[in-house]
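The next block holds one structure in the form of structure tokens; read it before the comments.
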Amino acid sequence: MENRHRTAGPGPRRAAAGVALLCAALLCATAPGRAQTVERVPAGGATTQDSATREAFSLPAANMPPDRVRDFFLGNRLFNTVWTVAPGSARSFDGLGPTFNAEGCAGCHVRDGRGRPPEDANAPMDSMLVRLSLRGGGPHPAYGDQIQHRAIPGVLAEGRVALRTDSMPGQYGDGTPYVLRRPSYSFRDGAFGPLNEGAVLSPRVAGTVFGMGLLEAVPDAALLAMADPEDADGDGISGRVNRVRDDATGRTVLGRFGWKAAQPSLRQQIAAALRDDIGITSPLYPDENCPPPQVACRAAPTGGKPEAHQAFIDMLTFYMETLAVPATRDEGDPEAARGRALFDAIGCAGCHRPVLRSGPHSNPVVAHQAFAPYTDLLLHDMGEALADGRPDFDATGREWRTPPLWGLGLIRRVNGHRRLLHDGRADGAAEAILWHGGEGARAREAFRALPAPDRAALLRFLDRL
């Protein structure tokens with residue numbers, strides 16, 4: 001596959017401009033040539049909640065109107081609902097499957113947080129899934145576009161995906177050793193035959209779901225302004241927008257959600273996850289997820305047509321729009337402040353943009369405010385080591401959307417682990433950086449070359465997000 005991007009690096013222009021941006025956004029006390037003090041941008045703008053508890057990802061936006069609090073908690077109830085097999089006693093919440101990966105949204109997004117890969121090869125994938133396609137594009141004829149490893153009684157689960165890891169030792173510039181773990185995946189126990197040689201597996205862990213309303217409210221014009229597909233400024237970073245299908249209108253629009261920015265809106269993301277992950281139909285996706293060979297799946301009873309009514313989609317959408325972003329925790333921490341400057345100086349802020357601004361939105365809770373997600377929502381070539389080989393609309397098999405970094409240091413407290421990247425292969429921020437390739441290779445090498453105290457400062461900054 002043609003590599004359209006050059007190796008990344010901070011570059012003198014990016015470093016100077018980025019230092020100014022970082023300082024302006026994050027109360028950095030020094031800028032090139034002069035000192036300045038500016039107003040700090042809260043992580044989630046007006047939605048920010050100052051919490052570092054296990055529930056830090058599950059709180060309502062701080063600027064929630066009192067008359068909408070009940071709606072938020074109704075959405076929370078739906079998010080935590082365990083769907084049952086049809087026909088069930090709770091008619092509003094039956095229709096699970098027939099094949100599925102989880103019994104509800106919170107099955108993967110525990111406490112609205114982040115999933116992880118299984119701890120050993122024989123453990124089930126409880127909070128991650130595996131996308132599937134043919135190498136030339138399109139769903140697999142027998143298994144569709146996602147492996148469903150669970151099924152209701154009387155229906156065959158499609159199979160399972162086994163994980164294996166191999167050690168990759170390395171060392172920092174000062175000689176300090178480290179070990180990365182390279183994952184590989186194999187399809188086992190296929191109920192409808194083996195995968196053909198042209199099948200491509202793409203494992204994905206569940207991501208955090210707070211702050212998504214703010215990200216949806218970033219105007220398309222802002223994404224296009226940040227994009228630099230031909231690297232016109234010569235800094236080695238070539239962010240691109242993904243152009244995807246809006247299934248409600250049939251139009252081609254900009255994508256912004258999911259690991260490859262393949263979903264254009266929060267509402268479509270929710271409806272697709274209900275169908276693909278839980279097996280719940282909706283007005284947008286009224287058909288069960290049963291490929292042609294899966295006869296028992298197509299004959300199974302349903303929970304109605306649709307199983308999730310539009311009111312359910314609306315409540316879930318409002319809930320996820322208005323989840324608060326947890327506040328950063330670096331006030332008065334000089335090491336974290338030094339780490340902020342290093343973050344920019346080695347080029348991380350070239351993709352992980354500190355500050356974005358929302359525009360108009362149907363939900364005023366997330367409209368017209370500055371916030372600090374540390375993402376540009378764009379696609380970047382991350383190199384062969386992170387490639388899944390699976391295109392998704394305009395995204396190539398080497399490209400991934402820049403993940404937001406807000407809440408990074410709270411994942412362990414909320415979810416009991418610190419596994420990062422699209423498949424959870426990295427155990428903590430240092431390993432995630434060391435996996436960067438392609439447009440991130442030069443920033444990775446700059447991090448690897450830092451003296452140990454500087455590496456610790458940068459990681460301290462990330463841990464306080």
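Chain lettering (A, B, ...) mirrors the order of the structure tokens, residue numbering begins at 1 for each chain separately, and ligand numbering begins at 1 in order of display.
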Which of range 208-434 of chain A fall in strand (DSSP E or B), as a ChimeraX atom specification: /A:240,242-245,252-255,257,263,323,326,356-357,370-371,379-381,392,395,399-401,419-420,426-427
Go ahead and save the residues from that selection, with C-alpha atoms, as a PDB file, in the first residue's frame.
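Heads up, here's the output in again.pdb:
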```pdb
ATOM      1  CA  ARG A 240      -6.499  13.906   6.958  1.00  0.00           C
ATOM      2  CA  ASN A 242     -12.161  10.724   6.836  1.00  0.00           C
ATOM      3  CA  ARG A 243     -15.156  11.154   4.540  1.00  0.00           C
ATOM      4  CA  VAL A 244     -17.879   8.691   5.492  1.00  0.00           C
ATOM      5  CA  ARG A 245     -21.538   7.922   4.883  1.00  0.00           C
ATOM      6  CA  THR A 252     -20.954  11.863   2.430  1.00  0.00           C
ATOM      7  CA  VAL A 253     -19.810  13.834   5.476  1.00  0.00           C
ATOM      8  CA  LEU A 254     -16.772  14.113   7.746  1.00  0.00           C
ATOM      9  CA  GLY A 255     -16.139  11.296  10.217  1.00  0.00           C
ATOM     10  CA  PHE A 257     -15.851   8.994  16.029  1.00  0.00           C
ATOM     11  CA  GLN A 263     -18.714   7.431  12.266  1.00  0.00           C
ATOM     12  CA  LEU A 323     -21.097  13.207  30.343  1.00  0.00           C
ATOM     13  CA  PRO A 326     -12.817  15.138  34.434  1.00  0.00           C
ATOM     14  CA  LEU A 356     -10.317  22.772  20.380  1.00  0.00           C
ATOM     15  CA  ARG A 357     -13.411  24.942  20.303  1.00  0.00           C
ATOM     16  CA  ALA A 370     -12.987  26.013  24.459  1.00  0.00           C
ATOM     17  CA  PHE A 371     -11.842  22.679  25.870  1.00  0.00           C
ATOM     18  CA  LEU A 379      -6.351  10.395  10.546  1.00  0.00           C
ATOM     19  CA  HIS A 380      -2.592   9.869  10.733  1.00  0.00           C
ATOM     20  CA  ASP A 381      -0.332   7.200   9.286  1.00  0.00           C
ATOM     21  CA  ASP A 392     -12.436   2.110   6.514  1.00  0.00           C
ATOM     22  CA  ALA A 395      -8.853   5.645   6.154  1.00  0.00           C
ATOM     23  CA  GLU A 399      -4.130   5.216   9.588  1.00  0.00           C
ATOM     24  CA  TRP A 400      -5.805   5.866  12.934  1.00  0.00           C
ATOM     25  CA  ARG A 401      -7.695   8.825  14.343  1.00  0.00           C
ATOM     26  CA  ARG A 419      -3.873  -0.379  28.554  1.00  0.00           C
ATOM     27  CA  LEU A 420      -3.680   2.036  25.601  1.00  0.00           C
ATOM     28  CA  ALA A 426       0.545  -0.685  25.373  1.00  0.00           C
ATOM     29  CA  ASP A 427       0.750  -0.890  29.155  1.00  0.00           C
TER      30      ASP A 427
END
```
Shell of 9 Å around Gly113 in chain A, only C-alpha atoms, local chain residues under 6 positions omitted, as a list in words: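 Using only C-alpha atoms, the neighbours found are Phe57, Ser58, Ala106, Ala206, Gly207, Thr208, Val209, Phe210, Ile411, Val414 and Asn415 of chain A.
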Atom pair CA of Leu156 in chain A / CA of His422 in chain A: separation (Å):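 One can read the CA of Leu156 in chain A to CA of His422 in chain A distance as 27.9 Å.
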Shell of 12 Å around Val161 in chain A, only C-alpha atoms, local chain residues under 5 positions omitted, as a PyMOL selection string: chain A and resi 101+117-118+120-126+128-132+146-150+183-190+195+201-203
Selection near Arg455 in chain A, 12 Å with only C-alpha atoms, sequence-local residues under 3 positions removed, as a PDB file with N, CA and C atoms, in the first residue's frame:
```pdb
ATOM      1  N   TYR A 172      16.074   2.752  25.916  1.00  0.00           N
ATOM      2  CA  TYR A 172      16.109   4.190  25.746  1.00  0.00           C
ATOM      3  C   TYR A 172      17.526   4.633  25.413  1.00  0.00           C
ATOM      4  N   GLY A 173      17.647   5.900  25.035  1.00  0.00           N
ATOM      5  CA  GLY A 173      18.953   6.420  24.669  1.00  0.00           C
ATOM      6  C   GLY A 173      19.974   6.346  25.787  1.00  0.00           C
ATOM      7  N   ASP A 174      19.507   6.363  27.040  1.00  0.00           N
ATOM      8  CA  ASP A 174      20.437   6.283  28.167  1.00  0.00           C
ATOM      9  C   ASP A 174      20.727   4.854  28.597  1.00  0.00           C
ATOM     10  N   THR A 176      18.494   2.502  29.448  1.00  0.00           N
ATOM     11  CA  THR A 176      17.427   1.878  30.236  1.00  0.00           C
ATOM     12  C   THR A 176      16.614   0.931  29.346  1.00  0.00           C
ATOM     13  N   GLU A 335       6.773  19.532  38.091  1.00  0.00           N
ATOM     14  CA  GLU A 335       7.241  18.486  37.177  1.00  0.00           C
ATOM     15  C   GLU A 335       6.258  18.318  36.022  1.00  0.00           C
ATOM     16  N   ALA A 336       4.944  18.347  36.323  1.00  0.00           N
ATOM     17  CA  ALA A 336       3.947  18.246  35.253  1.00  0.00           C
ATOM     18  C   ALA A 336       4.028  19.448  34.325  1.00  0.00           C
ATOM     19  N   ARG A 338       6.727  21.135  33.585  1.00  0.00           N
ATOM     20  CA  ARG A 338       7.874  20.896  32.712  1.00  0.00           C
ATOM     21  C   ARG A 338       7.530  19.842  31.663  1.00  0.00           C
ATOM     22  N   GLY A 339       6.760  18.844  32.068  1.00  0.00           N
ATOM     23  CA  GLY A 339       6.331  17.824  31.119  1.00  0.00           C
ATOM     24  C   GLY A 339       5.450  18.367  30.021  1.00  0.00           C
ATOM     25  N   ARG A 340       4.623  19.392  30.332  1.00  0.00           N
ATOM     26  CA  ARG A 340       3.792  20.022  29.299  1.00  0.00           C
ATOM     27  C   ARG A 340       4.664  20.641  28.220  1.00  0.00           C
ATOM     28  N   ALA A 341       5.730  21.326  28.638  1.00  0.00           N
ATOM     29  CA  ALA A 341       6.617  21.953  27.663  1.00  0.00           C
ATOM     30  C   ALA A 341       7.342  20.908  26.822  1.00  0.00           C
ATOM     31  N   LEU A 342       7.749  19.808  27.441  1.00  0.00           N
ATOM     32  CA  LEU A 342       8.426  18.734  26.707  1.00  0.00           C
ATOM     33  C   LEU A 342       7.470  18.062  25.721  1.00  0.00           C
ATOM     34  N   PHE A 343       6.213  17.902  26.110  1.00  0.00           N
ATOM     35  CA  PHE A 343       5.188  17.311  25.248  1.00  0.00           C
ATOM     36  C   PHE A 343       5.132  18.046  23.914  1.00  0.00           C
ATOM     37  N   ILE A 346       8.848  17.963  21.763  1.00  0.00           N
ATOM     38  CA  ILE A 346       9.229  16.779  20.988  1.00  0.00           C
ATOM     39  C   ILE A 346       8.216  16.454  19.892  1.00  0.00           C
ATOM     40  N   ALA A 429       1.456   4.997  29.171  1.00  0.00           N
ATOM     41  CA  ALA A 429       1.740   6.013  28.161  1.00  0.00           C
ATOM     42  C   ALA A 429       3.105   5.848  27.523  1.00  0.00           C
ATOM     43  N   ALA A 430       4.125   5.435  28.294  1.00  0.00           N
ATOM     44  CA  ALA A 430       5.462   5.283  27.718  1.00  0.00           C
ATOM     45  C   ALA A 430       5.452   4.248  26.611  1.00  0.00           C
ATOM     46  N   GLU A 431       4.823   3.101  26.841  1.00  0.00           N
ATOM     47  CA  GLU A 431       4.757   2.076  25.803  1.00  0.00           C
ATOM     48  C   GLU A 431       3.958   2.560  24.602  1.00  0.00           C
ATOM     49  N   ILE A 433       3.757   5.581  23.440  1.00  0.00           N
ATOM     50  CA  ILE A 433       4.634   6.450  22.655  1.00  0.00           C
ATOM     51  C   ILE A 433       5.645   5.620  21.873  1.00  0.00           C
ATOM     52  N   LEU A 434       6.198   4.599  22.517  1.00  0.00           N
ATOM     53  CA  LEU A 434       7.231   3.780  21.867  1.00  0.00           C
ATOM     54  C   LEU A 434       6.687   2.969  20.695  1.00  0.00           C
ATOM     55  N   ARG A 444       8.494   9.852  18.670  1.00  0.00           N
ATOM     56  CA  ARG A 444       8.886   8.666  19.450  1.00  0.00           C
ATOM     57  C   ARG A 444      10.380   8.657  19.726  1.00  0.00           C
ATOM     58  N   GLU A 445      11.169   8.908  18.696  1.00  0.00           N
ATOM     59  CA  GLU A 445      12.618   8.869  18.875  1.00  0.00           C
ATOM     60  C   GLU A 445      13.091   9.995  19.783  1.00  0.00           C
ATOM     61  N   ALA A 446      12.435  11.149  19.708  1.00  0.00           N
ATOM     62  CA  ALA A 446      12.786  12.240  20.617  1.00  0.00           C
ATOM     63  C   ALA A 446      12.484  11.856  22.062  1.00  0.00           C
ATOM     64  N   PHE A 447      11.355  11.191  22.285  1.00  0.00           N
ATOM     65  CA  PHE A 447      11.020  10.713  23.633  1.00  0.00           C
ATOM     66  C   PHE A 447      12.032   9.669  24.096  1.00  0.00           C
ATOM     67  N   ARG A 448      12.365   8.749  23.217  1.00  0.00           N
ATOM     68  CA  ARG A 448      13.293   7.674  23.582  1.00  0.00           C
ATOM     69  C   ARG A 448      14.673   8.225  23.943  1.00  0.00           C
ATOM     70  N   ALA A 449      15.038   9.371  23.345  1.00  0.00           N
ATOM     71  CA  ALA A 449      16.350   9.960  23.588  1.00  0.00           C
ATOM     72  C   ALA A 449      16.380  10.871  24.809  1.00  0.00           C
ATOM     73  N   LEU A 450      15.241  11.190  25.400  1.00  0.00           N
ATOM     74  CA  LEU A 450      15.222  12.080  26.556  1.00  0.00           C
ATOM     75  C   LEU A 450      15.950  11.451  27.745  1.00  0.00           C
ATOM     76  N   PRO A 451      16.619  12.251  28.557  1.00  0.00           N
ATOM     77  CA  PRO A 451      17.145  11.745  29.823  1.00  0.00           C
ATOM     78  C   PRO A 451      16.006  11.262  30.719  1.00  0.00           C
ATOM     79  N   ALA A 452      16.296  10.331  31.599  1.00  0.00           N
ATOM     80  CA  ALA A 452      15.268   9.737  32.453  1.00  0.00           C
ATOM     81  C   ALA A 452      14.440  10.779  33.212  1.00  0.00           C
ATOM     82  N   LEU A 458       7.511  14.235  31.481  1.00  0.00           N
ATOM     83  CA  LEU A 458       6.492  14.150  30.432  1.00  0.00           C
ATOM     84  C   LEU A 458       5.399  13.162  30.832  1.00  0.00           C
ATOM     85  N   LEU A 459       5.798  12.015  31.382  1.00  0.00           N
ATOM     86  CA  LEU A 459       4.803  11.024  31.804  1.00  0.00           C
ATOM     87  C   LEU A 459       3.993  11.527  32.990  1.00  0.00           C
ATOM     88  N   ARG A 460       4.621  12.327  33.851  1.00  0.00           N
ATOM     89  CA  ARG A 460       3.888  12.935  34.964  1.00  0.00           C
ATOM     90  C   ARG A 460       2.790  13.851  34.424  1.00  0.00           C
ATOM     91  N   PHE A 461       3.110  14.641  33.410  1.00  0.00           N
ATOM     92  CA  PHE A 461       2.113  15.511  32.790  1.00  0.00           C
ATOM     93  C   PHE A 461       0.957  14.691  32.237  1.00  0.00           C
ATOM     94  N   LEU A 462       1.238  13.623  31.503  1.00  0.00           N
ATOM     95  CA  LEU A 462       0.181  12.799  30.924  1.00  0.00           C
ATOM     96  C   LEU A 462      -0.662  12.147  32.021  1.00  0.00           C
TER      97      LEU A 462
END
```
CA of Ala372 in chain A to CA of Pro65 in chain A, distance in Å rounded to a single decimal: 22.2 Å
Residue nearest Ala261 in chain A - candidates A:Leu378, A:Cys290, A:Met315, A:Val325, atoms counted: only C-alpha atoms: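 For Ala261 in chain A, the nearest of the candidates is A:Leu378.
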Spatial neighbours of His436 in chain A, max dist 10 Å, only C-alpha atoms, sep filter under 5 positions, as a list in words: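 Here the qualifying residues turn out to be Ala8, Asp381, Met382, Gly383, Glu384, Ala385, Leu386, Leu421, Glu431, Ala441, Arg442, Ala443, Arg444 and Glu445 of chain A.
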Option closest in space to Asp94 in chain A, from A:Ile278, A:Val155, A:Val366, A:Val69 [counting only C-alpha atoms]: A:Ile278
Range 355-460 of chain A: residues DSSP assigns to helix (DSSP H, G or I), reported as a ChimeraX atom specification: /A:384-386,408-415,429-434,438-449,452-460
Output of the above residues as a compact mmCIF listing (two decimals), in the first residue's frame, restricted to N, CA and C atoms:
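Wrote again_4.txt, looks like this:
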```txt
# COMPACT_ATOMS: atom_id res chain seq x y z
N GLU A 384 3.84 0.83 10.08
CA GLU A 384 3.49 -0.57 9.85
C GLU A 384 3.27 -1.35 11.14
N ALA A 385 3.98 -1.01 12.21
CA ALA A 385 3.85 -1.77 13.45
C ALA A 385 2.45 -1.67 14.04
N LEU A 386 1.76 -0.56 13.84
CA LEU A 386 0.41 -0.39 14.35
C LEU A 386 -0.66 -0.64 13.29
N LEU A 408 -6.60 10.50 30.75
CA LEU A 408 -5.64 9.41 30.60
C LEU A 408 -5.16 8.86 31.94
N GLY A 409 -4.84 9.77 32.87
CA GLY A 409 -4.29 9.33 34.14
C GLY A 409 -5.30 8.72 35.09
N LEU A 410 -6.59 8.74 34.73
CA LEU A 410 -7.64 8.19 35.60
C LEU A 410 -8.10 6.81 35.16
N ILE A 411 -7.59 6.31 34.05
CA ILE A 411 -8.07 5.02 33.54
C ILE A 411 -7.82 3.91 34.55
N ARG A 412 -6.64 3.90 35.16
CA ARG A 412 -6.35 2.85 36.15
C ARG A 412 -7.35 2.91 37.31
N ARG A 413 -7.65 4.13 37.78
CA ARG A 413 -8.56 4.24 38.92
C ARG A 413 -9.98 3.83 38.54
N VAL A 414 -10.42 4.19 37.35
CA VAL A 414 -11.79 3.88 36.94
C VAL A 414 -11.93 2.43 36.47
N ASN A 415 -10.96 1.95 35.68
CA ASN A 415 -11.10 0.64 35.03
C ASN A 415 -10.09 -0.41 35.47
N ALA A 429 1.46 5.00 29.17
CA ALA A 429 1.74 6.01 28.16
C ALA A 429 3.11 5.85 27.52
N ALA A 430 4.13 5.43 28.29
CA ALA A 430 5.46 5.28 27.72
C ALA A 430 5.45 4.25 26.61
N GLU A 431 4.82 3.10 26.84
CA GLU A 431 4.76 2.08 25.80
C GLU A 431 3.96 2.56 24.60
N ALA A 432 2.88 3.31 24.85
CA ALA A 432 2.09 3.83 23.73
C ALA A 432 2.95 4.73 22.84
N ILE A 433 3.76 5.58 23.44
CA ILE A 433 4.63 6.45 22.66
C ILE A 433 5.65 5.62 21.87
N LEU A 434 6.20 4.60 22.52
CA LEU A 434 7.23 3.78 21.87
C LEU A 434 6.69 2.97 20.69
N GLY A 438 5.48 5.90 11.59
CA GLY A 438 4.95 6.77 10.55
C GLY A 438 5.11 8.23 10.92
N GLU A 439 3.99 8.95 10.97
CA GLU A 439 4.04 10.36 11.31
C GLU A 439 4.48 10.63 12.74
N GLY A 440 4.40 9.61 13.59
CA GLY A 440 4.80 9.77 14.98
C GLY A 440 6.19 9.28 15.28
N ALA A 441 6.94 8.81 14.27
CA ALA A 441 8.24 8.18 14.52
C ALA A 441 9.25 9.16 15.10
N ARG A 442 9.28 10.39 14.58
CA ARG A 442 10.30 11.31 15.07
C ARG A 442 10.00 11.75 16.51
N ALA A 443 8.74 11.94 16.85
CA ALA A 443 8.39 12.25 18.23
C ALA A 443 8.74 11.08 19.14
N ARG A 444 8.49 9.85 18.67
CA ARG A 444 8.89 8.67 19.45
C ARG A 444 10.38 8.66 19.73
N GLU A 445 11.17 8.91 18.70
CA GLU A 445 12.62 8.87 18.87
C GLU A 445 13.09 9.99 19.78
N ALA A 446 12.44 11.15 19.71
CA ALA A 446 12.79 12.24 20.62
C ALA A 446 12.48 11.86 22.06
N PHE A 447 11.36 11.19 22.29
CA PHE A 447 11.02 10.71 23.63
C PHE A 447 12.03 9.67 24.10
N ARG A 448 12.37 8.75 23.22
CA ARG A 448 13.29 7.67 23.58
C ARG A 448 14.67 8.23 23.94
N ALA A 449 15.04 9.37 23.34
CA ALA A 449 16.35 9.96 23.59
C ALA A 449 16.38 10.87 24.81
N ALA A 452 16.30 10.33 31.60
CA ALA A 452 15.27 9.74 32.45
C ALA A 452 14.44 10.78 33.21
N PRO A 453 15.04 11.85 33.79
CA PRO A 453 14.20 12.83 34.50
C PRO A 453 13.21 13.54 33.57
N ASP A 454 13.60 13.78 32.31
CA ASP A 454 12.67 14.42 31.37
C ASP A 454 11.56 13.47 30.96
N ARG A 455 11.90 12.20 30.76
CA ARG A 455 10.84 11.22 30.45
C ARG A 455 9.84 11.16 31.60
N ALA A 456 10.36 11.16 32.82
CA ALA A 456 9.46 11.11 33.98
C ALA A 456 8.57 12.33 34.05
N ALA A 457 9.11 13.50 33.70
CA ALA A 457 8.30 14.72 33.73
C ALA A 457 7.19 14.68 32.69
N LEU A 458 7.51 14.24 31.48
CA LEU A 458 6.49 14.15 30.43
C LEU A 458 5.40 13.16 30.83
N LEU A 459 5.80 12.01 31.38
CA LEU A 459 4.80 11.02 31.80
C LEU A 459 3.99 11.53 32.99
N ARG A 460 4.62 12.33 33.85
CA ARG A 460 3.89 12.93 34.96
C ARG A 460 2.79 13.85 34.42
```
Atomic distance CA of Gly350 in chain A - CA of Ala222 in chain A, expressed in Å with one decimal: 15.1 Å
Residue nearest Glu158 in chain A - candidates A:Pro177, A:Pro98, A:Gly250, A:Gly44, atoms counted: only C-alpha atoms: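 Looking only at the distances to Glu158 in chain A, the closest residue turns out to be A:Pro98.
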Minimum-distance residue to Cys351 in chain A, chosen among A:Phe72, A:Tyr285, A:Tyr374, A:Trp259 (using only C-alpha atoms): A:Tyr374
Pick from A:Arg70, A:Leu274, A:Thr249, A:His417, whichever lies nearest to Val110 in chain A using only C-alpha atoms: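 That would be A:His417, the residue with the smallest distance to Val110 in chain A.
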Shell of 7 Å around Pro286 in chain A, only C-alpha atoms, local chain residues under 4 positions omitted, as number ranges by chain: A: 281-282, 305-306
